[in-house]
Every structure is written in structure tokens, then in C-alpha cells.
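Shown next: query-v6.csv, given as CSV, C-alpha atoms.
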chain,number,residue,atom,x,y,z
A,62,MET,CA,0.0,0.0,0.0
A,63,ALA,CA,2.9,2.4,0.9
A,64,ARG,CA,4.5,1.7,-2.5
A,65,ASN,CA,1.3,2.7,-4.3
A,66,GLY,CA,1.3,5.9,-2.3
A,67,MET,CA,4.9,6.5,-3.2
A,68,LYS,CA,4.0,6.3,-6.9
A,69,ALA,CA,1.3,8.8,-6.5
A,70,LEU,CA,3.6,11.0,-4.5
A,71,ALA,CA,6.3,10.8,-7.1
A,72,ALA,CA,3.8,11.7,-9.8
A,73,ARG,CA,2.7,14.8,-7.9
A,74,PHE,CA,6.3,15.9,-7.4
A,75,GLU,CA,6.8,15.6,-11.2
A,76,THR,CA,3.8,17.8,-12.0
A,77,GLN,CA,4.8,20.4,-9.4
A,78,LEU,CA,8.6,20.3,-10.2
A,79,GLU,CA,8.8,23.8,-11.8
A,80,GLU,CA,7.1,25.5,-8.9
A,81,LEU,CA,9.1,23.6,-6.3
A,82,VAL,CA,12.4,24.4,-7.9
A,83,SER,CA,11.6,28.1,-8.2
A,84,HIS,CA,10.6,28.3,-4.6
A,85,THR,CA,13.7,26.4,-3.4
A,86,VAL,CA,16.1,28.6,-5.5
A,87,ALA,CA,14.5,31.7,-4.0
A,88,LEU,CA,14.9,30.3,-0.5
A,89,SER,CA,18.6,29.3,-1.2
A,90,GLN,CA,19.4,32.9,-2.4
A,91,ALA,CA,17.7,34.4,0.7
A,92,GLN,CA,19.2,32.1,3.3
A,93,ILE,CA,22.6,31.1,1.9
A,94,ARG,CA,24.9,34.1,1.4
A,95,GLU,CA,27.1,32.4,-1.2
A,96,PHE,CA,24.1,31.8,-3.4
A,97,ALA,CA,22.9,35.4,-3.3
A,98,GLY,CA,25.4,36.7,-5.9
A,99,PHE,CA,24.2,34.2,-8.6
A,100,ALA,CA,21.5,34.6,-11.1
A,101,VAL,CA,18.5,32.2,-10.9
A,102,PRO,CA,19.4,30.3,-14.1
A,103,GLU,CA,22.8,29.5,-12.6
A,104,LEU,CA,21.2,27.8,-9.6
A,105,VAL,CA,18.2,26.1,-11.3
A,106,PRO,CA,20.0,23.1,-12.9
A,107,GLY,CA,21.5,21.8,-9.6
A,108,THR,CA,18.2,22.2,-7.8
A,109,ILE,CA,16.4,20.3,-10.5
A,110,ALA,CA,19.0,17.5,-10.4
A,111,VAL,CA,18.4,16.9,-6.7
A,112,TYR,CA,14.6,16.9,-7.1
A,113,GLU,CA,14.7,14.6,-10.2
A,114,GLN,CA,17.1,12.1,-8.8
A,115,GLY,CA,15.4,11.9,-5.5
A,116,VAL,CA,12.0,11.5,-7.0
A,117,ALA,CA,13.2,8.8,-9.5
A,118,ALA,CA,14.1,6.5,-6.6
A,119,LEU,CA,10.9,7.2,-4.7
A,120,PRO,CA,8.4,4.6,-6.2
A,121,GLU,CA,10.7,1.7,-5.3
A,122,LEU,CA,12.1,3.3,-2.1
A,123,ARG,CA,15.6,2.3,-3.4
A,124,GLU,CA,19.0,3.8,-2.9
A,125,PRO,CA,20.5,6.1,-5.6
A,126,GLU,CA,21.8,4.2,-8.6
A,127,PRO,CA,25.3,4.9,-10.0
A,128,ASP,CA,24.1,7.0,-12.9
A,129,GLU,CA,21.9,9.1,-10.5
A,130,LEU,CA,24.8,9.7,-8.2
A,131,ALA,CA,26.9,10.7,-11.2
A,132,VAL,CA,24.4,13.5,-11.9
A,133,ILE,CA,24.6,14.7,-8.3
A,134,GLU,CA,28.4,14.5,-8.4
A,135,ARG,CA,28.6,16.6,-11.6
A,136,MET,CA,26.4,19.3,-10.1
A,137,ALA,CA,28.6,19.3,-7.0
A,138,ALA,CA,31.6,19.8,-9.3
A,139,VAL,CA,29.9,22.7,-11.0
A,140,ARG,CA,29.2,24.4,-7.7
A,141,ALA,CA,32.9,24.0,-6.7
A,142,GLU,CA,33.9,25.6,-10.1
A,143,GLN,CA,31.5,28.4,-9.3
A,144,GLY,CA,33.4,29.1,-6.1
A,145,ILE,CA,30.6,27.9,-3.8
A,146,SER,CA,32.1,26.3,-0.7
A,147,VAL,CA,31.3,22.7,0.3
A,148,ASP,CA,29.5,23.9,3.5
A,149,ALA,CA,27.3,26.2,1.4
A,150,TYR,CA,26.6,23.5,-1.1
A,151,LEU,CA,25.6,21.0,1.5
A,152,ALA,CA,23.4,23.6,3.2
A,153,GLY,CA,21.6,24.1,-0.1
A,154,PHE,CA,21.3,20.3,-0.5
A,155,ARG,CA,19.7,20.1,3.0
A,156,LEU,CA,17.4,23.0,2.3
A,157,THR,CA,16.2,21.2,-0.8
A,158,GLY,CA,15.6,18.1,1.2
A,159,GLY,CA,13.7,20.1,3.8
A,160,GLU,CA,11.5,21.6,1.1
A,161,MET,CA,10.8,18.1,-0.3
A,162,LEU,CA,9.6,17.0,3.1
A,163,VAL,CA,7.3,20.1,3.4
A,164,ALA,CA,5.9,19.4,-0.1
A,165,SER,CA,5.4,15.7,0.7
A,166,GLU,CA,3.3,16.5,3.7
A,167,ARG,CA,1.1,18.8,1.6
A,168,PHE,CA,0.8,16.3,-1.1
A,169,THR,CA,-0.1,13.4,1.2
A,170,VAL,CA,-3.0,15.5,2.5
A,171,GLU,CA,-4.2,16.4,-1.0
A,172,LEU,CA,-3.9,12.8,-2.2
A,173,GLU,CA,-5.4,11.4,1.1
A,174,LEU,CA,-2.4,9.0,1.6
A,175,SER,CA,-1.8,7.0,4.7
A,176,ALA,CA,0.4,7.9,7.6
A,177,ALA,CA,2.5,4.8,6.6
A,178,THR,CA,3.3,6.5,3.3
A,179,VAL,CA,4.5,9.7,5.1
A,180,ILE,CA,6.7,7.7,7.4
A,181,ALA,CA,8.1,5.6,4.6
A,182,PHE,CA,8.9,8.7,2.5
A,183,HIS,CA,10.7,10.4,5.4
A,184,ARG,CA,12.9,7.3,6.0
A,185,HIS,CA,13.6,7.0,2.3
A,186,LEU,CA,14.5,10.7,1.8
A,187,TRP,CA,16.9,10.7,4.8
A,188,ALA,CA,18.7,7.6,3.6
A,189,TRP,CA,18.8,8.7,0.0
A,190,SER,CA,20.0,12.2,1.0
A,191,ASP,CA,22.7,10.8,3.3
A,192,LEU,CA,24.3,8.8,0.5
A,193,ALA,CA,23.9,11.4,-2.1
A,194,MET,CA,25.4,14.2,0.1
A,195,ARG,CA,28.4,12.1,0.9
A,196,CYS,CA,29.1,11.5,-2.8
A,197,ALA,CA,28.5,15.1,-3.6
A,198,ALA,CA,30.8,16.4,-0.9
A,199,SER,CA,33.5,14.1,-2.1
A,200,ALA,CA,33.1,15.3,-5.7
A,201,HIS,CA,33.1,18.9,-4.6
A,202,ARG,CA,36.3,18.5,-2.6
A,203,SER,CA,38.0,16.7,-5.4
A,204,THR,CA,37.1,19.6,-7.8
A,205,VAL,CA,38.4,22.2,-5.3
A,206,GLU,CA,41.7,20.4,-5.0
A,207,SER,CA,42.1,20.2,-8.8
A,208,LEU,CA,41.4,23.9,-9.1
A,209,ALA,CA,43.8,24.8,-6.3
A,210,VAL,CA,46.8,23.2,-8.1
A,211,ARG,CA,46.2,24.9,-11.4
A,212,PRO,CA,49.2,26.9,-12.7
A,213,ARG,CA,49.4,30.2,-11.0
A,214,ARG,CA,51.5,32.0,-13.6
A,215,ASN,CA,50.2,35.0,-15.4
A,216,VAL,CA,47.7,35.8,-12.6
A,217,ASP,CA,48.0,39.5,-13.5
A,218,GLY,CA,46.8,38.8,-17.1
A,219,LEU,CA,43.9,36.7,-15.8
A,220,LEU,CA,43.0,39.6,-13.4
A,221,VAL,CA,42.8,42.0,-16.3
A,222,GLU,CA,40.6,39.5,-18.2
A,223,LEU,CA,38.4,39.2,-15.1
A,224,LEU,CA,38.0,42.9,-14.9
A,225,ASN,CA,37.0,43.1,-18.5
A,226,GLY,CA,34.5,40.3,-18.3
A,227,GLN,CA,36.5,37.9,-20.4
A,228,LEU,CA,36.6,34.8,-18.1
A,229,SER,CA,34.0,32.0,-17.8
A,230,LEU,CA,32.5,31.2,-14.4
A,231,PRO,CA,34.7,28.1,-14.0
A,232,GLU,CA,37.8,30.1,-14.8
A,233,ILE,CA,36.7,32.8,-12.3
A,234,ALA,CA,36.3,30.1,-9.6
A,235,GLY,CA,39.7,28.7,-10.3
A,236,LEU,CA,41.3,32.1,-10.3
A,237,ALA,CA,39.6,33.1,-7.1
A,238,THR,CA,41.3,30.2,-5.3
A,239,THR,CA,44.6,31.9,-5.9
A,240,TRP,CA,43.5,34.7,-3.6
A,241,GLY,CA,41.9,32.4,-1.0
A,242,LEU,CA,38.4,33.5,-2.2
A,243,HIS,CA,35.4,31.9,-4.0
A,244,ALA,CA,33.5,33.3,-6.9
A,245,SER,CA,30.7,34.7,-4.7
A,246,SER,CA,33.1,36.4,-2.2
A,247,SER,CA,32.3,40.1,-1.8
A,248,VAL,CA,35.0,42.7,-2.8
A,249,ARG,CA,35.2,46.2,-4.1
A,250,ALA,CA,36.6,47.0,-7.6
A,251,VAL,CA,39.0,49.9,-7.7
A,252,ARG,CA,40.7,52.0,-10.3
A,253,ILE,CA,43.5,54.2,-8.9
A,254,ARG,CA,45.3,57.0,-10.7
A,255,GLY,CA,48.7,58.3,-9.5
A,256,LYS,CA,51.4,56.8,-7.4
A,257,ALA,CA,50.4,53.9,-5.2
A,258,SER,CA,51.8,50.5,-4.3
A,259,ARG,CA,49.9,47.5,-5.7
A,260,TRP,CA,50.6,45.7,-2.4
A,261,ALA,CA,49.4,48.4,0.0
A,262,PHE,CA,45.7,47.7,0.3
A,263,GLY,CA,45.3,43.9,0.1
A,264,GLY,CA,43.1,42.3,-2.5
A,265,ALA,CA,44.7,42.1,-6.0
A,266,LEU,CA,45.9,45.0,-8.1
A,267,VAL,CA,47.6,45.2,-11.5
A,268,GLU,CA,49.0,48.0,-13.7
A,269,HIS,CA,46.5,48.4,-16.5
A,270,GLU,CA,46.1,51.3,-19.0
A,271,GLY,CA,48.2,53.6,-16.8
A,272,ASP,CA,46.1,53.0,-13.7
A,273,LEU,CA,46.3,50.5,-10.8
A,274,CYS,CA,43.2,48.3,-11.3
A,275,GLY,CA,41.7,45.3,-9.4
A,276,PHE,CA,39.9,44.8,-6.2
A,277,VAL,CA,40.3,45.3,-2.4
A,278,PRO,CA,38.5,43.9,0.6
A,279,VAL,CA,35.1,45.4,1.3
A,280,ASN,CA,36.2,47.2,4.5
A,281,THR,CA,39.4,48.8,3.0
A,282,VAL,CA,39.7,52.5,3.5
A,283,LEU,CA,41.8,54.2,0.8
A,284,PRO,CA,43.7,57.3,1.7
A,285,ASP,CA,42.3,60.7,0.8
A,286,ASP,CA,45.4,61.7,-1.1
A,287,LEU,CA,44.7,59.2,-3.8
A,288,ARG,CA,42.4,59.8,-6.8
A,289,ALA,CA,40.5,56.6,-7.1
A,290,GLY,CA,37.2,55.2,-8.3
A,291,VAL,CA,35.7,52.5,-6.0
A,292,SER,CA,32.7,50.2,-6.7
A,293,ASP,CA,29.9,49.1,-4.4
A,294,ALA,CA,30.5,45.6,-2.9
A,295,VAL,CA,30.3,43.0,-5.7
A,296,ALA,CA,30.9,39.3,-6.0
A,297,VAL,CA,34.2,38.2,-7.6
A,298,CYS,CA,32.2,36.6,-10.4
A,299,HIS,CA,30.7,40.1,-11.1
A,300,LEU,CA,33.9,42.0,-10.7
A,301,ASP,CA,33.6,43.4,-14.3
A,302,ARG,CA,30.4,45.3,-13.4
A,303,GLY,CA,32.1,46.8,-10.3
A,304,PHE,CA,35.2,47.7,-12.4
A,305,ALA,CA,32.9,49.6,-14.9
A,306,GLN,CA,31.5,51.5,-11.9
A,307,ALA,CA,34.9,52.3,-10.6
A,308,GLY,CA,36.1,53.5,-14.0
A,309,GLU,CA,33.2,55.8,-14.5
A,310,ALA,CA,33.6,57.2,-11.0
A,311,LEU,CA,37.3,57.9,-11.6
A,312,ALA,CA,36.6,59.5,-15.0
A,313,ALA,CA,34.1,61.9,-13.4
A,314,ALA,CA,36.3,62.7,-10.5
A,315,THR,CA,39.3,63.4,-12.7
A,316,HIS,CA,37.3,65.5,-15.2
A,317,PHE,CA,35.9,67.7,-12.4
A,318,GLY,CA,39.0,67.9,-10.3
A,319,ARG,CA,37.9,65.9,-7.3
A,320,ARG,CA,40.4,64.0,-5.3
A,321,GLY,CA,40.2,61.1,-2.8
A,322,PRO,CA,38.4,57.8,-3.3
A,323,VAL,CA,34.9,58.2,-4.7
A,324,THR,CA,32.1,55.9,-5.6
A,325,LEU,CA,29.8,56.4,-8.6
A,326,ALA,CA,27.1,57.6,-6.1
A,327,ASP,CA,29.6,60.3,-4.8
A,328,VAL,CA,30.0,61.8,-8.3
A,329,ALA,CA,26.6,60.8,-9.8
A,330,LEU,CA,25.9,64.3,-11.2
A,331,GLU,CA,29.3,64.7,-12.7
A,332,ALA,CA,29.1,61.2,-14.2
A,333,GLY,CA,25.6,62.1,-15.6
A,334,VAL,CA,27.1,65.2,-17.2
A,335,LEU,CA,29.8,63.2,-19.0
A,336,ARG,CA,27.3,60.5,-20.0
A,337,ASN,CA,24.6,62.8,-21.4
A,338,HIS,CA,26.4,65.2,-23.7
A,339,ASP,CA,23.3,66.1,-25.8
A,340,LEU,CA,21.4,67.0,-22.7
A,341,GLY,CA,24.2,69.2,-21.4
A,342,GLU,CA,24.5,70.9,-24.8
A,343,ALA,CA,20.8,71.6,-25.0
A,344,LEU,CA,20.8,73.2,-21.5
A,345,ALA,CA,24.0,75.2,-22.3
A,346,ARG,CA,22.4,76.7,-25.5
A,347,ARG,CA,19.2,77.6,-23.6
A,348,LEU,CA,20.7,79.0,-20.4
A,349,LEU,CA,24.2,80.3,-21.0
A,350,PRO,CA,25.5,83.4,-22.7
A,351,GLU,CA,28.5,83.0,-25.0
A,352,PRO,CA,31.4,82.1,-22.8
A,353,GLU,CA,33.9,84.4,-24.6
A,354,ALA,CA,31.9,87.5,-23.7
A,355,HIS,CA,30.9,86.6,-20.1
A,356,ASP,CA,33.6,84.3,-18.7
A,357,ASP,CA,33.8,86.1,-15.4
A,358,LEU,CA,30.0,85.9,-14.9
A,359,GLU,CA,29.9,82.2,-15.6
A,360,ARG,CA,32.9,81.5,-13.3
A,361,THR,CA,31.2,83.4,-10.6
A,362,VAL,CA,27.9,81.6,-11.0
A,363,TRP,CA,29.7,78.3,-10.9
A,364,CYS,CA,31.6,79.1,-7.7
A,365,TRP,CA,28.4,80.5,-6.1
A,366,LEU,CA,26.5,77.2,-6.9
A,367,GLY,CA,29.4,75.2,-5.6
A,368,ALA,CA,29.5,77.3,-2.4
A,369,ARG,CA,25.8,76.3,-1.6
A,370,CYS,CA,24.8,79.7,-3.0
A,371,GLU,CA,26.5,81.6,-0.2
A,372,ILE,CA,27.9,84.9,-1.3
A,373,GLY,CA,30.7,85.1,1.3
A,374,GLU,CA,32.0,81.7,0.5
A,375,ALA,CA,32.0,82.3,-3.2
A,376,ALA,CA,33.8,85.6,-2.7
A,377,ARG,CA,36.6,84.0,-0.7
A,378,GLU,CA,37.1,81.4,-3.4
A,379,LEU,CA,37.2,84.0,-6.2
A,380,TYR,CA,39.3,86.5,-4.1
A,381,VAL,CA,36.8,89.3,-4.7
A,382,HIS,CA,34.6,91.4,-2.5
A,383,PRO,CA,31.1,90.0,-1.8
A,384,ASN,CA,29.5,93.0,-3.5
A,385,THR,CA,31.4,92.0,-6.7
A,386,VAL,CA,29.8,88.5,-6.5
A,387,ARG,CA,26.3,90.1,-6.0
A,388,TYR,CA,26.9,92.4,-9.0
A,389,ARG,CA,28.0,89.6,-11.3
A,390,LEU,CA,25.0,87.4,-10.3
A,391,ARG,CA,22.6,90.3,-11.0
A,392,ARG,CA,24.3,90.9,-14.3
A,393,PHE,CA,24.1,87.2,-15.3
A,394,ALA,CA,20.4,87.1,-14.4
A,395,GLU,CA,19.8,90.2,-16.5
A,396,LEU,CA,21.6,88.8,-19.5
A,397,SER,CA,20.1,85.3,-19.3
A,398,GLY,CA,16.6,86.2,-18.1
A,399,LEU,CA,16.9,83.5,-15.4
A,400,ASP,CA,15.4,83.5,-11.9
A,401,LEU,CA,18.4,82.5,-9.8
A,402,ASP,CA,16.2,82.0,-6.8
A,403,SER,CA,14.5,79.1,-8.5
A,404,PRO,CA,15.8,75.6,-7.3
A,405,ARG,CA,15.0,74.2,-10.8
A,406,VAL,CA,16.9,76.9,-12.5
A,407,ARG,CA,19.9,76.4,-10.2
A,408,ALA,CA,19.9,72.7,-10.9
A,409,GLU,CA,19.7,73.2,-14.7
A,410,LEU,CA,22.3,75.9,-14.6
A,411,TRP,CA,24.7,73.8,-12.6
A,412,TRP,CA,24.3,71.0,-15.3
A,413,ALA,CA,24.8,73.4,-18.1
A,414,LEU,CA,27.9,75.0,-16.6
A,415,ALA,CA,29.3,71.6,-15.7
A,416,HIS,CA,28.8,70.5,-19.3
A,417,ARG,CA,30.5,73.6,-20.6
A,418,ARG,CA,33.4,73.2,-18.3
A,419,SER,CA,33.8,69.5,-19.4
A,420,THR,CA,34.0,70.4,-23.0
A,421,HIS,CA,36.2,73.5,-22.9

Could you show the structure in this file as C-alpha cells?
Amino acid sequence: MARNGMKALAARFETQLEELVSHTVALSQAQIREFAGFAVPELVPGTIAVYEQGVAALPELREPEPDELAVIERMAAVRAEQGISVDAYLAGFRLTGGEMLVASERFTVELELSAATVIAFHRHLWAWSDLAMRCAASAHRSTVESLAVRPRRNVDGLLVELLNGQLSLPEIAGLATTWGLHASSSVRAVRIRGKASRWAFGGALVEHEGDLCGFVPVNTVLPDDLRAGVSDAVAVCHLDRGFAQAGEALAAATHFGRRGPVTLADVALEAGVLRNHDLGEALARRLLPEPEAHDDLERTVWCWLGARCEIGEAARELYVHPNTVRYRLRRFAELSGLDLDSPRVRAELWWALAHRRSTH
């Protein structure tokens, strides 16, 4: 009777497989930190493998067969290549088993199966999982060991390829082991301009296109005398995205004369000006007089806006009397017809002036 119930239970798992896999992957990303940095399609195949192989053995309540274990072992090797630790992998396996138990209890109620069926399923699942997890752990460790002994020469070249998004996920996982990391470890991409030691900040840095490029630990504090772009925290496997952020931040900071380490959020407006040339050009044509005729006025307005619209601070920066600043602001308003008290006008004017300064 229990075996008939197992067949019905297996059939229900098969019809609900897509829903169960989606739910389990979402839980894995929420509860297991190392899975959080991966896209859903990267996690689905392994989850499907566990469900399918476990359900295949369900009707006969048998142990995993060699070909079924081989599927589990291959998925464990893939997780190792992705840089997921064996502890995280086994946590994901146990989570999947737990979700199978939860689903089985719901299915037994819906199918009106006996208590004996539930007990038999629980025993089967734990026995099946125990053997499958031991084989998976062994395959994972073997893969990690093989990745760890890969040739370590030309790591600088591989780092450049990683920053430019030219490595596959298995290659990233193997490279990460040379730094004692895995592919989902969190770091910050950096691009540093000027004199700095590549060994000063931890992580991994390399000379590339005239800058010092690579990554540093998330909690690294770079000195204020450096000009550097720094990304948000990113997984090693997504370091190319972080490097693009760092590069854009550095370009904006350099163009507008800002020093110190900056994130893209720190120089968001400056980066926006550089990225949106046509918008800046349109605003400059509408708002600004010809620069050759009114350079002093524009410079005064720029300093005034940068000084939080405080006359005294702008005067000190320009080395002029505050009345001179007031006169120039009135003169600019007369020539342009703009209301300098309007927050919108000030915002548009800053953008237009920033654009003009970036192109002259």
C-alpha cells in the first residue's frame, strides 16, 4: 500500500517540479549568502538535479543508482567551479531536502495518503540524501583540490581578463582560489590613478592602461590623497560590473578635479554630465550666454553654486569682494533672463555649466 502511495507522491512531485524548484532557489538565495550573488538560471539546474534524482528513486524506495549519483556529483563539481564552498553547497542540499519534506506533507493530505506513506517517505528521503550528500561532498572537494593546483603563472593577465568580463565562471572560480576566495566572495573593484603601491591595500591589483586596477577587501579605507574610483560591494564573479562602476567614478572625479576615493554615487551628477552630452549641450544653449563674452560671470555663478549659493564663501574662493559677486550674479540674471532663486533653474544651470566646463 505504501508503495502505491509512493508512486502517487512521485507523480505529484513531477507535476509540481517547476514551482518547487523556483521556490527552493529563492529560499537558497535568501538564506545562503554564497548563493545570493548568482543569477537564478545558474542555480536552477542543480536544484532540478536533486529533485529529479530523489523522485526517481521514490516509487521503489531504493538507494540512488550509480548514474543518478553521477548527476549529483557533476552538479557538486559545477558548484565547486562556481566558487561555492562545500559547506554552502551542503546547506543548499539540506534546504532542498527540507522543502521536499514540506511538499510531501502537503501532497499526502491532498492525495489522502496514509500515515505509513509519510513515514516511509521520510525514511527514504533521509537515507537517500545521506548517501547522495556524501558522494556530492567528495566530488566537490576533489574539484576544489584540482582547481587549487592549477598553474598560477600570469595571474596579472587573468585579473585583467576578469576585470574586462572575459573569463568564464569556472575560470573565475579557479582564479579566485589563488586569492583564497570563492566566486561569490564580496569585494570592491578599484581603479587608482597616481602613485600607489599595488601591495598596499590587500586584495589584488595590477597595472592596466596607466592605472592601478583590481579589487580590495570590502572594508578597505583608501587614503584621501589618492584619486580613485571605488565600486559598491560586488561578488568576484561580477567584478567586471564593479570595475565599470569604478572606472566611471574615476573618470568623473578626474574630469571635475575631485580627489580622494569616490564611488559612482559620490559623483553621480558629474558622471551624468559626462554620460549625457546632448542634454548638457541643450541646456547650455538655452541657459548660458556666449562664454567668450561673459567668462567672469559664468565662473562666478559656478563658484556660487558650488558654495551652496552663499555669497561670502563664493567671494573667498574668487578672491573678490562679496559685492562683486552680487553684482555679477545680478548681471548674469539680466543677460540670461533666469530667476536664480528658483531651485529648478539652479539645478539646470549647474548642469549646463558643468557640461561647458567639461567640453572647454

Query raised in the report: Residues at most 7 Å from Arg252 of chain A, counting all atoms listed in the file, excluding those fewer than 3 positions away in the same chain, as an NGL selection string?
Result: :A and (272-275 or 289-291 or 307-308 or 311)

Compile the contact shell of Thr385 of chain A as a tab-separated table (two decimals) with C-alpha atoms, in the coordinates of the input: residues with an atom at most 12 Å away, counting all atoms listed in the file, same-chain residues fewer than 3 positions apart removed.
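And here is the file that came out, selection.tsv:
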chain	number	residue	atom	x	y	z
A	357	ASP	CA	33.80	86.10	-15.40
A	358	LEU	CA	30.00	85.90	-14.90
A	361	THR	CA	31.20	83.40	-10.60
A	362	VAL	CA	27.90	81.60	-11.00
A	365	TRP	CA	28.40	80.50	-6.10
A	372	ILE	CA	27.90	84.90	-1.30
A	373	GLY	CA	30.70	85.10	1.30
A	375	ALA	CA	32.00	82.30	-3.20
A	376	ALA	CA	33.80	85.60	-2.70
A	377	ARG	CA	36.60	84.00	-0.70
A	379	LEU	CA	37.20	84.00	-6.20
A	380	TYR	CA	39.30	86.50	-4.10
A	381	VAL	CA	36.80	89.30	-4.70
A	382	HIS	CA	34.60	91.40	-2.50
A	388	TYR	CA	26.90	92.40	-9.00
A	389	ARG	CA	28.00	89.60	-11.30
A	390	LEU	CA	25.00	87.40	-10.30
A	391	ARG	CA	22.60	90.30	-11.00
A	392	ARG	CA	24.30	90.90	-14.30

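If you measure from each of A:His299, A:Arg195, A:His416, A:His185 to Ala244 of chain A using all atoms listed in the file, the closest one turns out to be A:His299.
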
Report task. Just give me the gap between atom CA of Gly271 of chain A and atom CA of Leu300 of chain A in Å, one decimal is fine. Result ->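 If I compute the distance from atom CA of Gly271 of chain A to atom CA of Leu300 of chain A, I get 19.4 Å.
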
**Report entry** Nearest to Gly159 of chain A by atom-to-atom distance, counting only C-alpha atoms, from A:Val205, A:Leu325, A:His183, A:Leu172
**Finding:**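 Result for the nearest residue to Gly159 of chain A: A:His183.
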
Please, which residues in segment 113-178 of chain A fall within 8 Å of segment 80-100 of chain A when counting all atoms listed in the file, and what is the closest atom pair and distance in Å to one decimal for each, ordered by chain then residue number, as a Markdown table?
| residue | atom | partner | partner_atom | distance |
| --- | --- | --- | --- | --- |
| A:Ile145 | CA | A:Glu95 | CA | 6.3 |
| A:Ser146 | CA | A:Glu95 | CA | 7.9 |
| A:Ala149 | CA | A:Glu95 | CA | 6.7 |
| A:Ala152 | CA | A:Ile93 | CA | 7.7 |
| A:Gly153 | CA | A:Ser89 | CA | 6.1 |
| A:Leu156 | CA | A:Ser89 | CA | 7.3 |
| A:Thr157 | CA | A:Thr85 | CA | 6.3 |
| A:Glu160 | CA | A:Thr85 | CA | 6.9 |

Query - Contacts of segment 64-68 of chain A within 9 Å, only C-alpha atoms, excl. fewer than 3 positions in-chain, as a PyMOL selection string - result: chain A and resi 71-73+119-122+169+172+174-175+178-179+181-182

Could I see segment 67-74 of chain A restored to all heavy atoms, set down as a PDB file, keeping the file's coordinate frame?
ATOM      1  N   MET A  67       3.652   5.886  -2.754  1.00  0.00           N
ATOM      2  CA  MET A  67       4.900   6.500  -3.200  1.00  0.00           C
ATOM      3  C   MET A  67       4.811   6.835  -4.703  1.00  0.00           C
ATOM      4  O   MET A  67       5.321   7.859  -5.146  1.00  0.00           O
ATOM      5  CB  MET A  67       6.057   5.536  -2.976  1.00  0.00           C
ATOM      6  CG  MET A  67       6.422   5.403  -1.518  1.00  0.00           C
ATOM      7  SD  MET A  67       6.929   6.981  -0.800  1.00  0.00           S
ATOM      8  CE  MET A  67       7.042   6.498   0.913  1.00  0.00           C
ATOM      9  N   LYS A  68       4.181   5.970  -5.476  1.00  0.00           N
ATOM     10  CA  LYS A  68       4.000   6.300  -6.900  1.00  0.00           C
ATOM     11  C   LYS A  68       3.182   7.502  -7.128  1.00  0.00           C
ATOM     12  O   LYS A  68       3.492   8.349  -7.969  1.00  0.00           O
ATOM     13  CB  LYS A  68       3.414   5.050  -7.614  1.00  0.00           C
ATOM     14  CG  LYS A  68       4.330   3.839  -7.691  1.00  0.00           C
ATOM     15  CD  LYS A  68       3.632   2.675  -8.385  1.00  0.00           C
ATOM     16  CE  LYS A  68       4.553   1.445  -8.418  1.00  0.00           C
ATOM     17  NZ  LYS A  68       3.910   0.287  -9.051  1.00  0.00           N
ATOM     18  N   ALA A  69       2.110   7.602  -6.363  1.00  0.00           N
ATOM     19  CA  ALA A  69       1.300   8.800  -6.500  1.00  0.00           C
ATOM     20  C   ALA A  69       2.009  10.046  -6.037  1.00  0.00           C
ATOM     21  O   ALA A  69       1.883  11.122  -6.651  1.00  0.00           O
ATOM     22  CB  ALA A  69      -0.005   8.609  -5.628  1.00  0.00           C
ATOM     23  N   LEU A  70       2.800   9.893  -4.975  1.00  0.00           N
ATOM     24  CA  LEU A  70       3.600  11.000  -4.500  1.00  0.00           C
ATOM     25  C   LEU A  70       4.632  11.451  -5.494  1.00  0.00           C
ATOM     26  O   LEU A  70       4.822  12.652  -5.741  1.00  0.00           O
ATOM     27  CB  LEU A  70       4.257  10.609  -3.164  1.00  0.00           C
ATOM     28  CG  LEU A  70       4.720  11.709  -2.206  1.00  0.00           C
ATOM     29  CD1 LEU A  70       3.603  12.675  -1.888  1.00  0.00           C
ATOM     30  CD2 LEU A  70       5.268  11.077  -0.935  1.00  0.00           C
ATOM     31  N   ALA A  71       5.298  10.474  -6.114  1.00  0.00           N
ATOM     32  CA  ALA A  71       6.300  10.800  -7.100  1.00  0.00           C
ATOM     33  C   ALA A  71       5.667  11.513  -8.317  1.00  0.00           C
ATOM     34  O   ALA A  71       6.231  12.473  -8.857  1.00  0.00           O
ATOM     35  CB  ALA A  71       6.991   9.505  -7.600  1.00  0.00           C
ATOM     36  N   ALA A  72       4.488  11.065  -8.710  1.00  0.00           N
ATOM     37  CA  ALA A  72       3.800  11.700  -9.800  1.00  0.00           C
ATOM     38  C   ALA A  72       3.454  13.152  -9.502  1.00  0.00           C
ATOM     39  O   ALA A  72       3.571  14.044 -10.357  1.00  0.00           O
ATOM     40  CB  ALA A  72       2.526  10.927 -10.177  1.00  0.00           C
ATOM     41  N   ARG A  73       3.037  13.395  -8.250  1.00  0.00           N
ATOM     42  CA  ARG A  73       2.700  14.800  -7.900  1.00  0.00           C
ATOM     43  C   ARG A  73       3.950  15.655  -7.845  1.00  0.00           C
ATOM     44  O   ARG A  73       3.906  16.816  -8.278  1.00  0.00           O
ATOM     45  CB  ARG A  73       2.033  14.776  -6.488  1.00  0.00           C
ATOM     46  CG  ARG A  73       1.634  16.174  -5.983  1.00  0.00           C
ATOM     47  CD  ARG A  73       0.684  16.884  -6.955  1.00  0.00           C
ATOM     48  NE  ARG A  73      -0.569  16.203  -7.072  1.00  0.00           N
ATOM     49  CZ  ARG A  73      -1.633  16.448  -6.318  1.00  0.00           C
ATOM     50  NH1 ARG A  73      -1.571  17.386  -5.378  1.00  0.00           N
ATOM     51  NH2 ARG A  73      -2.750  15.782  -6.506  1.00  0.00           N
ATOM     52  N   PHE A  74       5.083  15.124  -7.374  1.00  0.00           N
ATOM     53  CA  PHE A  74       6.300  15.900  -7.400  1.00  0.00           C
ATOM     54  C   PHE A  74       6.684  16.254  -8.856  1.00  0.00           C
ATOM     55  O   PHE A  74       7.132  17.369  -9.133  1.00  0.00           O
ATOM     56  CB  PHE A  74       7.488  15.060  -6.813  1.00  0.00           C
ATOM     57  CG  PHE A  74       7.677  15.276  -5.341  1.00  0.00           C
ATOM     58  CD1 PHE A  74       7.327  14.299  -4.425  1.00  0.00           C
ATOM     59  CD2 PHE A  74       8.222  16.463  -4.860  1.00  0.00           C
ATOM     60  CE1 PHE A  74       7.503  14.495  -3.060  1.00  0.00           C
ATOM     61  CE2 PHE A  74       8.403  16.663  -3.499  1.00  0.00           C
ATOM     62  CZ  PHE A  74       8.041  15.678  -2.593  1.00  0.00           C
TER      63      PHE A  74
END
